[in-house]
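Structure below is entry23.txt: compact mmCIF, N, CA and C atoms.
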```txt
# COMPACT_ATOMS: atom_id res chain seq x y z
N MET A 1 15.18 6.78 10.31
CA MET A 1 14.01 5.93 10.11
C MET A 1 14.44 4.70 9.32
N SER A 2 14.09 3.54 9.81
CA SER A 2 14.50 2.29 9.17
C SER A 2 13.60 1.96 7.97
N ASP A 3 14.07 1.01 7.15
CA ASP A 3 13.27 0.56 6.01
C ASP A 3 11.96 -0.05 6.48
N ALA A 4 12.01 -0.76 7.59
CA ALA A 4 10.80 -1.38 8.13
C ALA A 4 9.78 -0.32 8.54
N GLU A 5 10.25 0.78 9.09
CA GLU A 5 9.34 1.85 9.49
C GLU A 5 8.73 2.54 8.26
N VAL A 6 9.52 2.69 7.21
CA VAL A 6 8.98 3.27 5.97
C VAL A 6 7.92 2.35 5.39
N MET A 7 8.20 1.05 5.36
CA MET A 7 7.23 0.10 4.83
C MET A 7 5.97 0.05 5.68
N THR A 8 6.14 0.08 6.99
CA THR A 8 4.99 0.08 7.90
C THR A 8 4.12 1.30 7.67
N THR A 9 4.75 2.45 7.53
CA THR A 9 4.00 3.69 7.28
C THR A 9 3.24 3.60 5.98
N ALA A 10 3.87 3.07 4.94
CA ALA A 10 3.19 2.93 3.63
C ALA A 10 2.00 1.98 3.74
N LEU A 11 2.16 0.88 4.47
CA LEU A 11 1.05 -0.07 4.62
C LEU A 11 -0.09 0.52 5.43
N VAL A 12 0.23 1.27 6.48
CA VAL A 12 -0.80 1.94 7.28
C VAL A 12 -1.55 2.96 6.42
N ALA A 13 -0.80 3.70 5.60
CA ALA A 13 -1.43 4.68 4.71
C ALA A 13 -2.38 4.00 3.73
N ALA A 14 -1.94 2.87 3.17
CA ALA A 14 -2.77 2.16 2.21
C ALA A 14 -4.01 1.55 2.85
N LEU A 15 -3.84 0.98 4.05
CA LEU A 15 -4.96 0.29 4.69
C LEU A 15 -5.98 1.22 5.33
N TYR A 16 -5.51 2.32 5.94
CA TYR A 16 -6.41 3.12 6.75
C TYR A 16 -6.64 4.55 6.27
N PHE A 17 -5.80 5.05 5.37
CA PHE A 17 -5.90 6.45 4.97
C PHE A 17 -5.99 6.64 3.46
N GLY A 18 -6.39 5.63 2.73
CA GLY A 18 -6.56 5.76 1.29
C GLY A 18 -5.28 6.15 0.57
N GLY A 19 -4.13 5.73 1.09
CA GLY A 19 -2.85 6.03 0.46
C GLY A 19 -2.26 7.38 0.81
N LYS A 20 -2.87 8.10 1.73
CA LYS A 20 -2.36 9.42 2.13
C LYS A 20 -1.26 9.23 3.17
N TYR A 21 -0.01 9.32 2.69
CA TYR A 21 1.15 9.06 3.54
C TYR A 21 1.29 10.08 4.67
N GLU A 22 0.95 11.33 4.39
CA GLU A 22 1.10 12.37 5.41
C GLU A 22 0.26 12.06 6.64
N ARG A 23 -0.96 11.60 6.42
CA ARG A 23 -1.84 11.27 7.54
C ARG A 23 -1.30 10.10 8.35
N ALA A 24 -0.78 9.09 7.64
CA ALA A 24 -0.20 7.94 8.33
C ALA A 24 1.04 8.36 9.11
N CYS A 25 1.86 9.22 8.53
CA CYS A 25 3.06 9.71 9.22
C CYS A 25 2.68 10.45 10.49
N GLU A 26 1.68 11.32 10.39
CA GLU A 26 1.22 12.07 11.56
C GLU A 26 0.74 11.15 12.66
N LEU A 27 -0.09 10.18 12.31
CA LEU A 27 -0.64 9.26 13.30
C LEU A 27 0.47 8.45 13.98
N LEU A 28 1.35 7.87 13.20
CA LEU A 28 2.39 7.02 13.78
C LEU A 28 3.37 7.82 14.64
N GLN A 29 3.60 9.07 14.27
CA GLN A 29 4.48 9.90 15.08
C GLN A 29 3.78 10.35 16.36
N GLU A 30 2.53 10.79 16.24
CA GLU A 30 1.78 11.25 17.43
C GLU A 30 1.60 10.13 18.46
N GLN A 31 1.37 8.92 17.98
CA GLN A 31 1.16 7.79 18.89
C GLN A 31 2.46 7.23 19.44
N GLY A 32 3.60 7.73 18.95
CA GLY A 32 4.89 7.30 19.45
C GLY A 32 5.43 6.02 18.84
N TYR A 33 4.77 5.52 17.80
CA TYR A 33 5.25 4.29 17.16
C TYR A 33 6.53 4.55 16.36
N ILE A 34 6.58 5.70 15.68
CA ILE A 34 7.76 6.08 14.92
C ILE A 34 8.10 7.51 15.32
N PRO A 35 8.90 7.68 16.36
CA PRO A 35 9.16 9.03 16.90
C PRO A 35 10.00 9.92 15.99
N LYS A 36 10.89 9.34 15.19
CA LYS A 36 11.76 10.14 14.32
C LYS A 36 11.28 10.05 12.88
N MET A 37 10.20 10.75 12.57
CA MET A 37 9.61 10.72 11.23
C MET A 37 10.39 11.66 10.32
N ILE A 38 10.55 11.27 9.06
CA ILE A 38 11.26 12.10 8.09
C ILE A 38 10.26 12.95 7.31
N SER A 39 10.77 13.89 6.52
CA SER A 39 9.90 14.79 5.77
C SER A 39 9.19 14.03 4.65
N LYS A 40 8.19 14.67 4.07
CA LYS A 40 7.39 14.06 3.01
C LYS A 40 8.25 13.68 1.81
N SER A 41 9.14 14.57 1.39
CA SER A 41 9.97 14.29 0.21
C SER A 41 10.98 13.18 0.50
N GLN A 42 11.56 13.19 1.70
CA GLN A 42 12.48 12.12 2.07
C GLN A 42 11.76 10.77 2.14
N PHE A 43 10.54 10.80 2.68
CA PHE A 43 9.75 9.59 2.77
C PHE A 43 9.46 9.04 1.38
N SER A 44 9.08 9.91 0.47
CA SER A 44 8.76 9.50 -0.90
C SER A 44 9.98 8.87 -1.58
N ARG A 45 11.15 9.48 -1.42
CA ARG A 45 12.37 8.92 -2.02
C ARG A 45 12.71 7.56 -1.42
N ARG A 46 12.60 7.45 -0.11
CA ARG A 46 12.89 6.18 0.56
C ARG A 46 11.91 5.09 0.13
N LEU A 47 10.65 5.47 0.00
CA LEU A 47 9.63 4.51 -0.39
C LEU A 47 9.90 3.96 -1.79
N HIS A 48 10.28 4.83 -2.71
CA HIS A 48 10.55 4.39 -4.08
C HIS A 48 11.79 3.51 -4.15
N ARG A 49 12.73 3.70 -3.26
CA ARG A 49 13.91 2.83 -3.23
C ARG A 49 13.59 1.43 -2.71
N LEU A 50 12.46 1.28 -2.05
CA LEU A 50 12.08 -0.01 -1.46
C LEU A 50 11.14 -0.83 -2.34
N ASP A 51 10.94 -0.42 -3.59
CA ASP A 51 9.96 -1.12 -4.43
C ASP A 51 10.28 -2.60 -4.60
N ALA A 52 11.55 -2.97 -4.75
CA ALA A 52 11.91 -4.39 -4.90
C ALA A 52 11.60 -5.17 -3.62
N LEU A 53 11.78 -4.53 -2.49
CA LEU A 53 11.49 -5.18 -1.21
C LEU A 53 9.99 -5.43 -1.05
N PHE A 54 9.17 -4.47 -1.50
CA PHE A 54 7.72 -4.66 -1.46
C PHE A 54 7.29 -5.80 -2.38
N VAL A 55 7.87 -5.87 -3.57
CA VAL A 55 7.54 -6.96 -4.50
C VAL A 55 7.87 -8.30 -3.87
N THR A 56 9.03 -8.40 -3.25
CA THR A 56 9.43 -9.64 -2.58
C THR A 56 8.46 -9.98 -1.45
N LEU A 57 8.12 -8.98 -0.64
CA LEU A 57 7.19 -9.19 0.47
C LEU A 57 5.85 -9.72 -0.03
N PHE A 58 5.29 -9.10 -1.07
CA PHE A 58 3.98 -9.53 -1.56
C PHE A 58 4.04 -10.89 -2.25
N ARG A 59 5.16 -11.22 -2.88
CA ARG A 59 5.31 -12.57 -3.46
C ARG A 59 5.33 -13.63 -2.37
N VAL A 60 6.08 -13.37 -1.31
CA VAL A 60 6.15 -14.33 -0.20
C VAL A 60 4.78 -14.47 0.47
N LEU A 61 4.12 -13.35 0.72
CA LEU A 61 2.79 -13.41 1.33
C LEU A 61 1.80 -14.13 0.42
N GLY A 62 1.87 -13.87 -0.87
CA GLY A 62 0.97 -14.54 -1.82
C GLY A 62 1.21 -16.04 -1.86
N ALA A 63 2.48 -16.45 -1.89
CA ALA A 63 2.80 -17.88 -1.91
C ALA A 63 2.37 -18.55 -0.62
N THR A 64 2.58 -17.88 0.51
CA THR A 64 2.16 -18.43 1.80
C THR A 64 0.65 -18.57 1.87
N PHE A 65 -0.07 -17.54 1.43
CA PHE A 65 -1.53 -17.59 1.43
C PHE A 65 -2.03 -18.73 0.53
N LYS A 66 -1.38 -18.88 -0.61
CA LYS A 66 -1.77 -19.94 -1.54
C LYS A 66 -1.54 -21.33 -0.92
N GLU A 67 -0.41 -21.51 -0.23
CA GLU A 67 -0.12 -22.79 0.42
C GLU A 67 -1.12 -23.10 1.54
N LEU A 68 -1.50 -22.09 2.29
CA LEU A 68 -2.40 -22.29 3.42
C LEU A 68 -3.85 -22.50 2.99
N ASN A 69 -4.19 -22.14 1.78
CA ASN A 69 -5.56 -22.26 1.30
C ASN A 69 -5.62 -23.19 0.09
N THR A 70 -5.25 -24.44 0.30
CA THR A 70 -5.21 -25.39 -0.82
C THR A 70 -6.59 -25.76 -1.33
N GLU A 71 -7.61 -25.61 -0.52
CA GLU A 71 -8.97 -25.98 -0.92
C GLU A 71 -9.68 -24.85 -1.66
N SER A 72 -9.11 -23.69 -1.68
CA SER A 72 -9.76 -22.54 -2.33
C SER A 72 -9.67 -22.65 -3.84
N VAL A 73 -10.69 -22.12 -4.50
CA VAL A 73 -10.72 -22.06 -5.95
C VAL A 73 -10.71 -20.59 -6.35
N TYR A 74 -9.85 -20.25 -7.29
CA TYR A 74 -9.73 -18.87 -7.74
C TYR A 74 -10.19 -18.76 -9.18
N VAL A 75 -11.00 -17.77 -9.46
CA VAL A 75 -11.49 -17.53 -10.80
C VAL A 75 -11.11 -16.12 -11.20
N ILE A 76 -10.51 -16.01 -12.37
CA ILE A 76 -10.13 -14.69 -12.89
C ILE A 76 -10.90 -14.46 -14.17
N ASP A 77 -11.67 -13.41 -14.19
CA ASP A 77 -12.48 -13.06 -15.35
C ASP A 77 -11.82 -11.89 -16.05
N SER A 78 -11.47 -12.07 -17.30
CA SER A 78 -10.80 -11.00 -18.04
C SER A 78 -11.70 -10.37 -19.10
N ALA A 79 -13.00 -10.65 -19.02
CA ALA A 79 -13.93 -10.07 -19.99
C ALA A 79 -14.08 -8.57 -19.74
N PRO A 80 -14.07 -7.77 -20.80
CA PRO A 80 -14.22 -6.32 -20.61
C PRO A 80 -15.62 -5.96 -20.13
N ILE A 81 -15.69 -4.95 -19.31
CA ILE A 81 -16.97 -4.47 -18.79
C ILE A 81 -17.13 -3.02 -19.21
N ALA A 82 -18.26 -2.72 -19.82
CA ALA A 82 -18.52 -1.33 -20.22
C ALA A 82 -18.81 -0.51 -18.97
N VAL A 83 -18.01 0.51 -18.75
CA VAL A 83 -18.17 1.33 -17.57
C VAL A 83 -19.02 2.54 -17.87
N CYS A 84 -18.80 3.13 -19.01
CA CYS A 84 -19.49 4.37 -19.35
C CYS A 84 -19.65 4.46 -20.86
N ASP A 85 -20.84 4.79 -21.30
CA ASP A 85 -21.07 5.03 -22.72
C ASP A 85 -21.14 6.54 -22.93
N ASN A 86 -20.41 7.01 -23.90
CA ASN A 86 -20.43 8.44 -24.21
C ASN A 86 -21.64 8.76 -25.09
N ILE A 87 -22.75 9.01 -24.44
CA ILE A 87 -23.99 9.30 -25.15
C ILE A 87 -24.28 10.79 -24.99
N PRO A 88 -24.32 11.51 -26.10
CA PRO A 88 -24.60 12.95 -25.99
C PRO A 88 -26.03 13.18 -25.48
N VAL A 89 -26.16 14.12 -24.59
CA VAL A 89 -27.44 14.46 -24.01
C VAL A 89 -27.92 15.78 -24.61
N ALA A 90 -29.11 15.77 -25.18
CA ALA A 90 -29.66 16.99 -25.79
C ALA A 90 -30.54 17.70 -24.77
N PHE A 91 -30.34 19.00 -24.62
CA PHE A 91 -31.16 19.78 -23.70
C PHE A 91 -32.14 20.60 -24.44
```

Show this structure as structure tokens.
Amino acid sequence: MSDAEVMTTALVAALYFGGKYERACELLQEQGYIPKMISKSQFSRRLHRLDALFVTLFRVLGATFKELNTESVYVIDSAPIAVCDNIPVAF
């Protein structure tokens, strides 16, 4: 299995299966896209070895997206948002 196939499987898992690699592996193998699928543990090890390649890919995609969308305005809000208050409930 090539690095490109590992990356493709990871992206399919993230986009369509909520990060569940096993489901993405099953689908891609059943459909014949990646006929020689590796085991779950081998896949996990290969995926972790590709972390620098993913960072490079996302940097290039981010820079390209930024260049193509020069008219867009981006706003980043870093204000904290209260998600949950720990209020004891008396019964």

Original post:
Among chain A, which residues carry a DSSP assignment of alpha helix (DSSP H), reported as a PyMOL selection string?
Top reply: chain A and resi 3-16+21-30+40-49+51-68

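We find CA of Tyr21 in chain A and atom C of Thr64 in chain A to be spaced 27.7 Å apart.
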
Original post:
Which polymer residues have any atom within 8 Å of an atom of Tyr33 in chain A, counting only N, CA and C atoms, with same-chain residues fewer than 5 positions away left out, as an MDAnalysis selection string?
Top reply: chainID A and resid 5 27:28

**OP:** Please indicate the distance in Å from CA of Phe54 in chain A to CA of Met37 in chain A, rounded to one decimal place.
**Re:** 20.0 Å

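The protein and nucleic acid residues lying at most 7 Å from range 8-12 of chain A are Gly18, Gly19, Tyr21, Ala24 and Cys25 of chain A, with all atoms listed in the file considered and sequence neighbours fewer than 6 positions away removed.
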
**OP:** Could you tell me how far CA of Glu67 in chain A lies from CA of Ala4 in chain A, in Å and to one decimal?
**Re:** 25.2 Å

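Candidate residues A:Leu57, A:Ile81, A:Lys40, A:Ser72 were compared for distance to Arg23 in chain A, and the nearest is A:Lys40, using only C-alpha atoms.
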
Subject >> Nearest candidate to Phe43 in chain A (options A:Ala13, A:Leu68, A:Ala82, A:Val6; using only N, CA and C atoms) >> reply: A:Val6

Original post:
Which residue out of A:Arg46, A:Met1, A:Ala79, A:Asp51 has the minimum interatomic distance to Ile34 in chain A when only C-alpha atoms are used?
Top reply: A:Met1
